[in-house]
>>> print(open('query_29.cif').read())   # mmCIF, C-alpha atoms and all ligand atoms
data_structure
#
loop_
_atom_site.group_PDB
_atom_site.id
_atom_site.type_symbol
_atom_site.label_atom_id
_atom_site.label_comp_id
_atom_site.auth_asym_id
_atom_site.auth_seq_id
_atom_site.Cartn_x
_atom_site.Cartn_y
_atom_site.Cartn_z
ATOM 1 C CA MET A 4 64.087 -63.951 10.498
ATOM 2 C CA LEU A 5 64.522 -61.894 7.399
ATOM 3 C CA GLN A 6 66.560 -63.726 4.792
ATOM 4 C CA LEU A 7 66.982 -63.795 1.038
ATOM 5 C CA THR A 8 66.817 -67.095 -0.779
ATOM 6 C CA PRO A 9 70.272 -68.278 -1.922
ATOM 7 C CA THR A 10 69.326 -67.484 -5.541
ATOM 8 C CA LEU A 11 68.398 -63.904 -4.702
ATOM 9 C CA ALA A 12 71.415 -63.459 -2.450
ATOM 10 C CA ALA A 13 73.612 -64.511 -5.367
ATOM 11 C CA ARG A 14 71.936 -62.019 -7.676
ATOM 12 C CA TYR A 15 71.540 -58.956 -5.469
ATOM 13 C CA LYS A 16 73.542 -56.899 -3.023
ATOM 14 C CA PRO A 17 72.726 -53.848 -0.888
ATOM 15 C CA ALA A 18 72.564 -50.646 -2.923
ATOM 16 C CA THR A 19 75.188 -47.990 -2.344
ATOM 17 C CA ASP A 20 74.002 -44.473 -1.579
ATOM 18 C CA ARG A 21 75.080 -43.433 -5.065
ATOM 19 C CA GLU A 22 72.865 -46.099 -6.591
ATOM 20 C CA VAL A 23 69.912 -44.958 -4.492
ATOM 21 C CA TYR A 24 70.444 -41.302 -5.478
ATOM 22 C CA SER A 25 70.950 -42.054 -9.144
ATOM 23 C CA GLN A 26 67.542 -43.698 -9.483
ATOM 24 C CA SER A 27 65.717 -41.133 -7.310
ATOM 25 C CA PHE A 28 63.582 -38.264 -8.567
ATOM 26 C CA GLY A 29 63.376 -36.520 -5.233
ATOM 27 C CA LEU A 30 63.742 -36.485 -1.503
ATOM 28 C CA LEU A 31 60.896 -37.613 0.731
ATOM 29 C CA LYS A 32 60.982 -35.359 3.768
ATOM 30 C CA ALA A 33 57.472 -35.213 5.193
ATOM 31 C CA PRO A 34 54.700 -37.711 5.909
ATOM 32 C CA ARG A 35 51.537 -37.587 3.816
ATOM 33 C CA ASN A 36 49.241 -34.740 4.673
ATOM 34 C CA PRO A 37 45.625 -35.936 4.478
ATOM 35 C CA ALA A 38 44.387 -32.394 5.103
ATOM 36 C CA ALA A 39 46.288 -31.029 2.095
ATOM 37 C CA THR A 40 44.157 -29.088 -0.338
ATOM 38 C CA ALA A 41 46.935 -27.562 -2.454
ATOM 39 C CA TRP A 42 49.897 -29.113 -4.239
ATOM 40 C CA GLU A 43 52.317 -27.039 -2.133
ATOM 41 C CA GLN A 44 51.232 -28.969 0.965
ATOM 42 C CA ARG A 45 52.132 -32.255 -0.722
ATOM 43 C CA ARG A 46 55.708 -31.259 -1.500
ATOM 44 C CA GLY A 47 58.266 -33.785 -0.367
ATOM 45 C CA THR A 48 55.574 -36.342 0.532
ATOM 46 C CA LEU A 49 54.403 -39.566 -1.114
ATOM 47 C CA ASP A 50 51.745 -37.439 -2.823
ATOM 48 C CA ASP A 51 54.297 -35.155 -4.489
ATOM 49 C CA GLN A 52 53.778 -35.469 -8.237
ATOM 50 C CA ALA A 53 57.046 -33.645 -8.905
ATOM 51 C CA ILE A 54 58.803 -36.705 -7.480
ATOM 52 C CA PHE A 55 56.528 -39.565 -8.447
ATOM 53 C CA GLY A 56 54.922 -38.409 -11.690
ATOM 54 C CA PRO A 57 51.571 -36.914 -12.699
ATOM 55 C CA LEU A 58 48.246 -38.313 -11.491
ATOM 56 C CA VAL A 59 46.641 -37.408 -14.805
ATOM 57 C CA ASP A 60 48.342 -37.827 -18.197
ATOM 58 C CA PHE A 61 49.999 -34.579 -19.314
ATOM 59 C CA GLU A 62 48.716 -32.465 -16.412
ATOM 60 C CA CYS A 63 50.933 -30.799 -13.844
ATOM 61 C CA ALA A 64 49.917 -30.416 -10.204
ATOM 62 C CA CYS A 65 49.343 -26.659 -10.161
ATOM 63 C CA GLY A 66 47.234 -26.587 -13.310
ATOM 64 C CA LYS A 67 49.482 -24.269 -15.309
ATOM 65 C CA TYR A 68 50.016 -26.818 -18.061
ATOM 66 C CA ARG A 69 47.527 -29.303 -19.405
ATOM 67 C CA GLY A 70 47.609 -31.273 -22.610
ATOM 68 C CA ARG A 71 49.773 -33.421 -24.814
ATOM 69 C CA GLN A 72 51.308 -30.369 -26.526
ATOM 70 C CA TYR A 73 53.354 -29.838 -23.340
ATOM 71 C CA GLN A 74 54.724 -33.371 -23.351
ATOM 72 C CA ASN A 75 58.026 -33.773 -21.471
ATOM 73 C CA ILE A 76 58.293 -30.207 -20.233
ATOM 74 C CA ILE A 77 58.719 -29.664 -16.490
ATOM 75 C CA CYS A 78 56.340 -27.108 -15.004
ATOM 76 C CA ASP A 79 58.350 -24.105 -13.806
ATOM 77 C CA HIS A 80 55.804 -23.577 -11.040
ATOM 78 C CA CYS A 81 55.137 -26.992 -9.443
ATOM 79 C CA GLY A 82 58.042 -28.977 -10.879
ATOM 80 C CA VAL A 83 55.903 -31.786 -12.326
ATOM 81 C CA LYS A 84 57.027 -33.358 -15.586
ATOM 82 C CA LEU A 85 54.249 -33.451 -18.181
ATOM 83 C CA THR A 86 54.179 -37.104 -19.055
ATOM 84 C CA THR A 87 51.840 -40.064 -18.677
ATOM 85 C CA ARG A 88 50.703 -41.732 -15.474
ATOM 86 C CA GLN A 89 52.959 -44.583 -16.546
ATOM 87 C CA ALA A 90 55.816 -42.643 -14.941
ATOM 88 C CA ARG A 91 54.284 -43.543 -11.592
ATOM 89 C CA ARG A 92 55.412 -47.125 -12.162
ATOM 90 C CA GLN A 93 59.051 -46.102 -12.572
ATOM 91 C CA ARG A 94 59.948 -42.996 -10.618
ATOM 92 C CA PHE A 95 61.648 -43.706 -7.310
ATOM 93 C CA GLY A 96 62.139 -41.269 -4.470
ATOM 94 C CA HIS A 97 64.501 -41.601 -1.547
ATOM 95 C CA ILE A 98 64.819 -40.851 2.147
ATOM 96 C CA ASP A 99 68.024 -39.397 3.584
ATOM 97 C CA LEU A 100 69.054 -40.877 6.910
ATOM 98 C CA PRO A 101 70.721 -38.741 9.602
ATOM 99 C CA VAL A 102 72.516 -41.813 10.938
ATOM 100 C CA PRO A 103 73.538 -44.560 8.493
ATOM 101 C CA ILE A 104 72.057 -48.006 9.055
ATOM 102 C CA VAL A 105 73.419 -51.387 8.041
ATOM 103 C CA HIS A 106 71.299 -53.365 5.605
ATOM 104 C CA PRO A 107 70.110 -56.475 7.461
ATOM 105 C CA LEU A 108 70.280 -58.499 4.244
ATOM 106 C CA GLY A 109 73.810 -57.537 3.320
ATOM 107 C CA GLN A 110 76.988 -59.287 4.301
ATOM 108 C CA SER A 111 79.016 -56.692 6.161
ATOM 109 C CA GLY A 112 78.178 -54.095 3.533
ATOM 110 C CA GLU A 113 78.693 -50.391 4.048
ATOM 111 C CA PRO A 114 76.030 -48.665 6.125
ATOM 112 C CA ALA A 115 73.406 -46.900 4.014
ATOM 113 C CA SER A 116 72.586 -43.222 4.366
ATOM 114 C CA ALA A 117 69.801 -43.249 1.801
ATOM 115 C CA ILE A 118 66.806 -45.561 1.444
ATOM 116 C CA PRO A 119 64.886 -45.814 -1.827
ATOM 117 C CA VAL A 120 61.152 -45.130 -1.954
ATOM 118 C CA LEU A 121 59.219 -47.286 -4.430
ATOM 119 C CA PRO A 122 57.344 -45.676 -7.323
ATOM 120 C CA ALA A 123 53.850 -44.449 -6.472
ATOM 121 C CA ALA A 124 52.068 -47.209 -8.395
ATOM 122 C CA PHE A 125 53.221 -49.730 -5.777
ATOM 123 C CA VAL A 126 52.073 -47.583 -2.897
ATOM 124 C CA GLU A 127 48.691 -47.162 -4.605
ATOM 125 C CA THR A 128 47.960 -50.912 -4.725
ATOM 126 C CA LYS A 129 45.580 -52.634 -2.330
ATOM 127 C CA GLY A 130 48.457 -53.723 -0.101
ATOM 128 C CA GLY A 131 50.310 -50.475 -0.604
ATOM 129 C CA GLY A 132 48.689 -48.657 2.299
ATOM 130 C CA ARG A 133 50.975 -50.472 4.728
ATOM 131 C CA LEU A 134 53.927 -49.529 2.566
ATOM 132 C CA ALA A 135 52.945 -45.863 2.670
ATOM 133 C CA ASP A 136 52.642 -46.065 6.449
ATOM 134 C CA VAL A 137 56.168 -47.463 6.687
ATOM 135 C CA TYR A 138 57.619 -44.671 4.522
ATOM 136 C CA ASP A 139 55.798 -42.069 6.610
ATOM 137 C CA GLU A 140 57.166 -43.712 9.739
ATOM 138 C CA MET A 141 60.693 -43.519 8.348
ATOM 139 C CA VAL A 142 60.301 -39.843 7.514
ATOM 140 C CA ARG A 143 59.010 -39.135 11.021
ATOM 141 C CA SER A 144 61.922 -41.068 12.529
ATOM 142 C CA VAL A 145 64.347 -39.021 10.417
ATOM 143 C CA ALA A 146 62.716 -35.807 11.631
ATOM 144 C CA CYS A 147 63.237 -36.745 15.286
ATOM 145 C CA GLU A 148 66.515 -38.551 14.585
ATOM 146 C CA SER A 149 65.226 -41.762 16.104
ATOM 147 C CA GLN A 150 67.724 -44.441 15.191
ATOM 148 C CA GLU A 151 65.531 -47.118 16.715
ATOM 149 C CA GLY A 152 62.462 -45.899 14.824
ATOM 150 C CA LEU A 153 64.411 -45.953 11.583
ATOM 151 C CA THR A 154 65.779 -49.443 12.045
ATOM 152 C CA THR A 155 62.338 -50.760 12.985
ATOM 153 C CA ALA A 156 60.667 -49.090 10.018
ATOM 154 C CA PHE A 157 63.367 -50.275 7.593
ATOM 155 C CA ASN A 158 62.976 -53.836 8.814
ATOM 156 C CA ARG A 159 59.214 -53.516 8.499
ATOM 157 C CA LEU A 160 59.691 -52.335 4.904
ATOM 158 C CA LEU A 161 61.819 -55.370 4.087
ATOM 159 C CA GLU A 162 59.337 -57.706 5.787
ATOM 160 C CA LEU A 163 56.518 -56.271 3.691
ATOM 161 C CA LEU A 164 58.417 -56.478 0.421
ATOM 162 C CA LEU A 165 60.296 -59.758 0.724
ATOM 163 C CA PRO A 166 57.305 -62.098 0.195
ATOM 164 C CA VAL A 167 56.185 -60.000 -2.788
ATOM 165 C CA VAL A 168 59.685 -60.007 -4.244
ATOM 166 C CA LEU A 169 59.889 -63.777 -3.912
ATOM 167 C CA VAL A 170 56.597 -64.245 -5.759
ATOM 168 C CA ALA A 171 57.588 -61.706 -8.417
ATOM 169 C CA HIS A 172 60.830 -63.606 -9.080
ATOM 170 C CA GLU A 173 59.128 -66.971 -9.027
ATOM 171 C CA TRP A 174 56.703 -65.816 -11.712
ATOM 172 C CA ASN A 175 59.233 -63.696 -13.623
ATOM 173 C CA LEU A 176 57.058 -60.632 -13.231
ATOM 174 C CA GLN A 177 58.253 -57.448 -14.868
ATOM 175 C CA GLU A 178 58.031 -55.631 -11.540
ATOM 176 C CA ALA A 179 60.504 -57.973 -9.846
ATOM 177 C CA ASP A 180 63.446 -55.683 -10.532
ATOM 178 C CA VAL A 181 61.686 -52.535 -9.333
ATOM 179 C CA LEU A 182 60.469 -54.276 -6.183
ATOM 180 C CA ILE A 183 63.903 -55.551 -5.271
ATOM 181 C CA ARG A 184 65.312 -52.037 -5.693
ATOM 182 C CA GLY A 185 62.628 -50.978 -3.235
ATOM 183 C CA MET A 186 64.370 -53.247 -0.715
ATOM 184 C CA ALA A 187 67.554 -51.193 -1.218
ATOM 185 C CA LEU A 188 69.091 -54.066 -3.186
ATOM 186 C CA VAL A 189 70.621 -53.886 -6.649
ATOM 187 C CA PRO A 190 71.782 -56.534 -9.113
ATOM 188 C CA ARG A 191 75.372 -57.567 -8.691
ATOM 189 C CA THR A 192 77.256 -56.550 -11.794
ATOM 190 C CA ARG A 193 78.722 -59.421 -13.709
ATOM 191 C CA PRO A 194 82.434 -59.974 -13.259
ATOM 192 C CA ALA A 195 85.095 -59.529 -15.911
ATOM 193 C CA GLY A 196 84.950 -62.044 -18.722
ATOM 194 C CA SER A 197 81.308 -63.096 -18.132
ATOM 195 C CA LEU A 198 79.705 -64.417 -21.280
ATOM 196 C CA CYS A 199 76.193 -65.590 -22.089
ATOM 197 C CA SER A 200 75.975 -69.092 -23.583
ATOM 198 C CA CYS A 201 75.386 -67.329 -26.922
ATOM 199 C CA GLY A 202 78.742 -65.587 -26.550
ATOM 200 C CA TYR A 203 77.421 -62.119 -25.757
ATOM 201 C CA PRO A 204 79.733 -60.285 -23.296
ATOM 202 C CA LEU A 205 77.889 -59.624 -20.029
ATOM 203 C CA GLU A 206 80.719 -58.008 -18.091
ATOM 204 C CA GLY A 207 79.539 -55.107 -15.971
ATOM 205 C CA LEU A 208 75.932 -55.410 -17.150
ATOM 206 C CA ASP A 209 73.123 -55.587 -14.622
ATOM 207 C CA VAL A 210 70.601 -57.084 -17.035
ATOM 208 C CA PHE A 211 68.764 -60.326 -16.500
ATOM 209 C CA VAL A 212 67.860 -60.851 -20.107
ATOM 210 C CA CYS A 213 70.767 -61.315 -22.501
ATOM 211 C CA PRO A 214 70.829 -58.369 -24.945
ATOM 212 C CA GLY A 215 72.312 -60.747 -27.530
ATOM 213 C CA CYS A 216 69.871 -63.658 -27.563
ATOM 214 C CA GLY A 217 67.041 -62.609 -25.244
ATOM 215 C CA LYS A 218 67.594 -65.547 -22.903
ATOM 216 C CA ARG A 219 66.737 -65.011 -19.239
ATOM 217 C CA LEU A 220 69.952 -65.210 -17.298
HETATM 218 ZN ZN ZN B 301 52.503 -26.848 -12.554
HETATM 219 ZN ZN ZN B 302 72.814 -64.624 -24.976
#
>>> encode(input="query_29.cif", output="C-alpha cells")
Amino acid sequence: MLQLTPTLAARYKPATDREVYSQSFGLLKAPRNPAATAWEQRRGTLDDQAIFGPLVDFECACGKYRGRQYQNIICDHCGVKLTTRQARRQRFGHIDLPVPIVHPLGQSGEPASAIPVLPAAFVETKGGGRLADVYDEMVRSVACESQEGLTTAFNRLLELLLPVVLVAHEWNLQEADVLIRGMALVPRTRPAGSLCSCGYPLEGLDVFVCPGCGKRL
C-alpha cells in the first residue's frame, strides 16, 4: 500500500489546485506524438518546449530566435522562452482533471482538479520513460473522461515516485523538493510563532533550510 513515512507525512500535505497552477508553465493536453516533425505537433505534450523549456540553450522551437542576445525573451511565434536547458529541471506543467480525485496520501484533503507534471529533466532520465507513459495515460484518460483510468494512472505515478522521493530525502538531494511536488504534495507551511533554534522567524515559510543560519530544518 502506498504510504508516506511519518517524517514525510509531517512535512508535506496534498497540494491545492492553486498551488499546482502557480508552479505550472502550461497545460498538458495531448500524449506525446512520436510522428511529430514540427513544433506545432508537440504543443501541449511532454515535448512542448514552450511549457518545459528549450532543448538547446537560447534557441526557440520554431527557429525564429537563436543566440544569447535574445536571452529571456519569449518567442512570439512558438512561445518558447529563450533561456538555458537548465530550465528543464525547474519548469512544471499540469494536467486538468474533468472529475476531481482525492489524493490517496492525504488525510481527508480536498479533491484535486489539477495534477502537476514534473519538469522535463526528470522525464528524460533513464527511469523517466515510465513516468512519461503515466502522464500520457493521464492525458488520454482526461480526453475520454475515464475516472477509473485517471485514478489508476495517478496511483501509478505515486508508486513510481515514492521510492525515489524517499531516497532523495534520505540523501538530502537537491531534487527532493521538486520530486515531492511531482507527487502533488507541498511543504506544510510553518505555524504562527515558529522559530529556528537560531531565533529566525519561520512562520509561513516553506523552506527546509533556515534563511537565518543555513541549518537544515
Ligand atoms: Zn520560436
Ligand atoms: Zn536558523
>>> atom_distance(input="query_29.cif", atom1="CA of Glu43 in chain A", atom2="CA of Cys81 in chain A")
7.8 Å
>>> closest_residue(input="query_29.cif", among="A:Arg45, A:Arg94, A:His106, A:Lys218", to="Ser25 in chain A", atoms="all atoms listed in the file")
A:Arg94
>>> resolve_selection(input="query_29.cif", expression="the PyMOL selection byres (((not hetatm)) within 7 of (chain B and resi 301))", output="list of chain:residue names")
A:Cys63, A:Ala64, A:Cys65, A:Gly66, A:Lys67, A:Tyr68, A:Cys78, A:Asp79, A:His80, A:Cys81, A:Gly82, A:Val83
>>> resolve_selection(input="query_29.cif", expression="the PyMOL selection byres (((chain A and resi 172) around 12) and not hetatm)", output="list of chain:residue names")
A:Leu7, A:Thr8, A:Thr10, A:Leu11, A:Arg14, A:Leu165, A:Pro166, A:Val167, A:Val168, A:Leu169, A:Val170, A:Ala171, A:Glu173, A:Trp174, A:Asn175, A:Leu176, A:Gln177, A:Glu178, A:Ala179, A:Asp180, A:Val181, A:Leu182, A:Ile183, A:Phe211, A:Arg219
>>> residues_near_ligand(input="query_29.cif", ligand="ligand ZN 302 (chain B)", cutoff="10 Å", atoms="all atoms listed in the file", output="NGL selection string")
:A and (198-205 or 212-220)
>>> residues_around(input="query_29.cif", residues="range 151-163 of chain A", least_positions_apart="6", cutoff="9 Å", atoms="all atoms listed in the file", output="ChimeraX atom specification")
/A:5,100,104-107,118,133-134,137-138,140-145,185-187
>>> resolve_selection(input="query_29.cif", expression="the PyMOL selection byres (((chain A and resi 125) around 10) and not hetatm)", output="PyMOL selection string")
chain A and resi 91-93+120-124+126-132+134-135+178+181-182+185
>>> write_last_selection(input="query_29.cif", atoms="C-alpha atoms", output="PDB file, in the frame of the given file")
ATOM      1  CA  ARG A  91      54.284 -43.543 -11.592  1.00  0.00           C
ATOM      2  CA  ARG A  92      55.412 -47.125 -12.162  1.00  0.00           C
ATOM      3  CA  GLN A  93      59.051 -46.102 -12.572  1.00  0.00           C
ATOM      4  CA  VAL A 120      61.152 -45.130  -1.954  1.00  0.00           C
ATOM      5  CA  LEU A 121      59.219 -47.286  -4.430  1.00  0.00           C
ATOM      6  CA  PRO A 122      57.344 -45.676  -7.323  1.00  0.00           C
ATOM      7  CA  ALA A 123      53.850 -44.449  -6.472  1.00  0.00           C
ATOM      8  CA  ALA A 124      52.068 -47.209  -8.395  1.00  0.00           C
ATOM      9  CA  VAL A 126      52.073 -47.583  -2.897  1.00  0.00           C
ATOM     10  CA  GLU A 127      48.691 -47.162  -4.605  1.00  0.00           C
ATOM     11  CA  THR A 128      47.960 -50.912  -4.725  1.00  0.00           C
ATOM     12  CA  LYS A 129      45.580 -52.634  -2.330  1.00  0.00           C
ATOM     13  CA  GLY A 130      48.457 -53.723  -0.101  1.00  0.00           C
ATOM     14  CA  GLY A 131      50.310 -50.475  -0.604  1.00  0.00           C
ATOM     15  CA  GLY A 132      48.689 -48.657   2.299  1.00  0.00           C
ATOM     16  CA  LEU A 134      53.927 -49.529   2.566  1.00  0.00           C
ATOM     17  CA  ALA A 135      52.945 -45.863   2.670  1.00  0.00           C
ATOM     18  CA  GLU A 178      58.031 -55.631 -11.540  1.00  0.00           C
ATOM     19  CA  VAL A 181      61.686 -52.535  -9.333  1.00  0.00           C
ATOM     20  CA  LEU A 182      60.469 -54.276  -6.183  1.00  0.00           C
ATOM     21  CA  GLY A 185      62.628 -50.978  -3.235  1.00  0.00           C
TER      22      GLY A 185
END
>>> atom_distance(input="query_29.cif", atom1="CA of Gln110 in chain A", atom2="CA of Leu30 in chain A")
27.0 Å
>>> atom_distance(input="query_29.cif", atom1="CA of Lys84 in chain A", atom2="CA of Phe28 in chain A")
10.8 Å
>>> closest_residue(input="query_29.cif", among="A:Asp60, A:Asp99, A:Asp50, A:Asp136", to="Tyr24 in chain A", atoms="only C-alpha atoms")
A:Asp99
>>> axis_aligned_box(input="query_29.cif", around="range 193-210 of chain A", padding_each_side="6 Å", output="lines of an AutoDock Vina configuration file")
center_x = 77.8
center_y = -62.1
center_z = -20.1
size_x = 26.5
size_y = 26.0
size_z = 25.7
>>> closest_residue(input="query_29.cif", among="A:Glu62, A:Asn36, A:Pro190, A:Ala12", to="Arg88 in chain A", atoms="only C-alpha atoms")
A:Glu62
>>> closest_residue(input="query_29.cif", among="A:Leu49, A:Arg71, A:Phe55, A:Ala117", to="Ile98 in chain A", atoms="all atoms listed in the file")
A:Ala117
>>> residues_around(input="query_29.cif", residues="Phe61 in chain A", least_positions_apart="4", cutoff="8 Å", atoms="all atoms listed in the file", output="PDB file with C-alpha atoms, in the frame of the given file")
ATOM      1  CA  PRO A  57      51.571 -36.914 -12.699  1.00  0.00           C
ATOM      2  CA  TYR A  68      50.016 -26.818 -18.061  1.00  0.00           C
ATOM      3  CA  ARG A  69      47.527 -29.303 -19.405  1.00  0.00           C
ATOM      4  CA  GLY A  70      47.609 -31.273 -22.610  1.00  0.00           C
ATOM      5  CA  ARG A  71      49.773 -33.421 -24.814  1.00  0.00           C
ATOM      6  CA  TYR A  73      53.354 -29.838 -23.340  1.00  0.00           C
ATOM      7  CA  GLN A  74      54.724 -33.371 -23.351  1.00  0.00           C
ATOM      8  CA  LEU A  85      54.249 -33.451 -18.181  1.00  0.00           C
ATOM      9  CA  THR A  86      54.179 -37.104 -19.055  1.00  0.00           C
ATOM     10  CA  THR A  87      51.840 -40.064 -18.677  1.00  0.00           C
TER      11      THR A  87
END
>>> closest_residue(input="query_29.cif", among="A:Ser149, A:Thr40, A:Gln72, A:Ser27", to="Phe95 in chain A", atoms="all atoms listed in the file")
A:Ser27
>>> residues_around(input="query_29.cif", residues="Gly207 in chain A", least_positions_apart="3", cutoff="10 Å", atoms="all atoms listed in the file", output="MDAnalysis selection string")
chainID A and resid 191:197 204 210
>>> closest_residue(input="query_29.cif", among="A:Val59, A:Ala115, A:Ala90, A:Leu208", to="Asp20 in chain A", atoms="all atoms listed in the file")
A:Ala115
>>> build_atoms(input="query_29.cif", residues="range 184-211 of chain A", atoms="N, CA and C atoms", output="mmCIF file, in the coordinates of the input")
data_model
loop_
_atom_site.group_PDB
_atom_site.id
_atom_site.type_symbol
_atom_site.label_atom_id
_atom_site.label_comp_id
_atom_site.auth_asym_id
_atom_site.auth_seq_id
_atom_site.Cartn_x
_atom_site.Cartn_y
_atom_site.Cartn_z
ATOM 1 N N ARG A 184 64.654 -53.333 -5.932
ATOM 2 C CA ARG A 184 65.312 -52.037 -5.693
ATOM 3 C C ARG A 184 64.654 -51.305 -4.536
ATOM 4 N N GLY A 185 63.345 -51.560 -4.367
ATOM 5 C CA GLY A 185 62.628 -50.978 -3.235
ATOM 6 C C GLY A 185 63.129 -51.512 -1.903
ATOM 7 N N MET A 186 63.784 -52.680 -1.931
ATOM 8 C CA MET A 186 64.370 -53.247 -0.715
ATOM 9 C C MET A 186 65.802 -52.748 -0.518
ATOM 10 N N ALA A 187 66.185 -51.737 -1.277
ATOM 11 C CA ALA A 187 67.554 -51.193 -1.218
ATOM 12 C C ALA A 187 68.571 -52.247 -1.633
ATOM 13 N N LEU A 188 68.179 -53.070 -2.608
ATOM 14 C CA LEU A 188 69.091 -54.066 -3.186
ATOM 15 C C LEU A 188 69.241 -53.756 -4.664
ATOM 16 N N VAL A 189 70.390 -54.071 -5.213
ATOM 17 C CA VAL A 189 70.621 -53.886 -6.649
ATOM 18 C C VAL A 189 71.291 -55.138 -7.202
ATOM 19 N N PRO A 190 71.126 -55.368 -8.513
ATOM 20 C CA PRO A 190 71.782 -56.534 -9.113
ATOM 21 C C PRO A 190 73.298 -56.432 -8.962
ATOM 22 N N ARG A 191 73.913 -57.539 -8.686
ATOM 23 C CA ARG A 191 75.372 -57.567 -8.691
ATOM 24 C C ARG A 191 75.802 -57.454 -10.149
ATOM 25 N N THR A 192 76.801 -56.629 -10.407
ATOM 26 C CA THR A 192 77.256 -56.550 -11.794
ATOM 27 C C THR A 192 78.074 -57.793 -12.098
ATOM 28 N N ARG A 193 78.037 -58.190 -13.339
ATOM 29 C CA ARG A 193 78.722 -59.421 -13.709
ATOM 30 C C ARG A 193 80.222 -59.201 -13.815
ATOM 31 N N PRO A 194 80.980 -60.142 -13.307
ATOM 32 C CA PRO A 194 82.434 -59.974 -13.259
ATOM 33 C C PRO A 194 83.081 -60.018 -14.642
ATOM 34 N N ALA A 195 84.331 -59.584 -14.660
ATOM 35 C CA ALA A 195 85.095 -59.529 -15.911
ATOM 36 C C ALA A 195 85.068 -60.873 -16.618
ATOM 37 N N GLY A 196 84.881 -60.829 -17.929
ATOM 38 C CA GLY A 196 84.950 -62.044 -18.722
ATOM 39 C C GLY A 196 83.659 -62.844 -18.773
ATOM 40 N N SER A 197 82.564 -62.341 -18.100
ATOM 41 C CA SER A 197 81.308 -63.096 -18.132
ATOM 42 C C SER A 197 80.733 -63.111 -19.545
ATOM 43 N N LEU A 198 80.312 -64.274 -19.959
ATOM 44 C CA LEU A 198 79.705 -64.417 -21.280
ATOM 45 C C LEU A 198 78.382 -65.162 -21.139
ATOM 46 N N CYS A 199 77.418 -64.801 -21.979
ATOM 47 C CA CYS A 199 76.193 -65.590 -22.089
ATOM 48 C C CYS A 199 76.551 -66.848 -22.885
ATOM 49 N N SER A 200 75.691 -67.874 -22.824
ATOM 50 C CA SER A 200 75.975 -69.092 -23.583
ATOM 51 C C SER A 200 75.989 -68.815 -25.096
ATOM 52 N N CYS A 201 75.369 -67.685 -25.499
ATOM 53 C CA CYS A 201 75.386 -67.329 -26.922
ATOM 54 C C CYS A 201 76.676 -66.584 -27.286
ATOM 55 N N GLY A 202 77.487 -66.267 -26.284
ATOM 56 C CA GLY A 202 78.742 -65.587 -26.550
ATOM 57 C C GLY A 202 78.702 -64.091 -26.302
ATOM 58 N N TYR A 203 77.530 -63.564 -25.972
ATOM 59 C CA TYR A 203 77.421 -62.119 -25.757
ATOM 60 C C TYR A 203 78.154 -61.728 -24.474
ATOM 61 N N PRO A 204 79.012 -60.687 -24.507
ATOM 62 C CA PRO A 204 79.733 -60.285 -23.296
ATOM 63 C C PRO A 204 78.792 -59.624 -22.286
ATOM 64 N N LEU A 205 78.812 -60.126 -21.052
ATOM 65 C CA LEU A 205 77.889 -59.624 -20.029
ATOM 66 C C LEU A 205 78.610 -58.848 -18.935
ATOM 67 N N GLU A 206 79.905 -58.678 -19.104
ATOM 68 C CA GLU A 206 80.719 -58.008 -18.091
ATOM 69 C C GLU A 206 80.161 -56.637 -17.733
ATOM 70 N N GLY A 207 79.967 -56.423 -16.438
ATOM 71 C CA GLY A 207 79.539 -55.107 -15.971
ATOM 72 C C GLY A 207 78.070 -54.790 -16.203
ATOM 73 N N LEU A 208 77.343 -55.680 -16.884
ATOM 74 C CA LEU A 208 75.932 -55.410 -17.150
ATOM 75 C C LEU A 208 75.103 -55.841 -15.945
ATOM 76 N N ASP A 209 73.987 -55.110 -15.700
ATOM 77 C CA ASP A 209 73.123 -55.587 -14.622
ATOM 78 C C ASP A 209 71.768 -55.995 -15.200
ATOM 79 N N VAL A 210 71.826 -56.625 -16.372
ATOM 80 C CA VAL A 210 70.601 -57.084 -17.035
ATOM 81 C C VAL A 210 70.345 -58.546 -16.675
ATOM 82 N N PHE A 211 69.077 -58.932 -16.757
ATOM 83 C CA PHE A 211 68.764 -60.326 -16.500
ATOM 84 C C PHE A 211 68.181 -61.009 -17.726
#
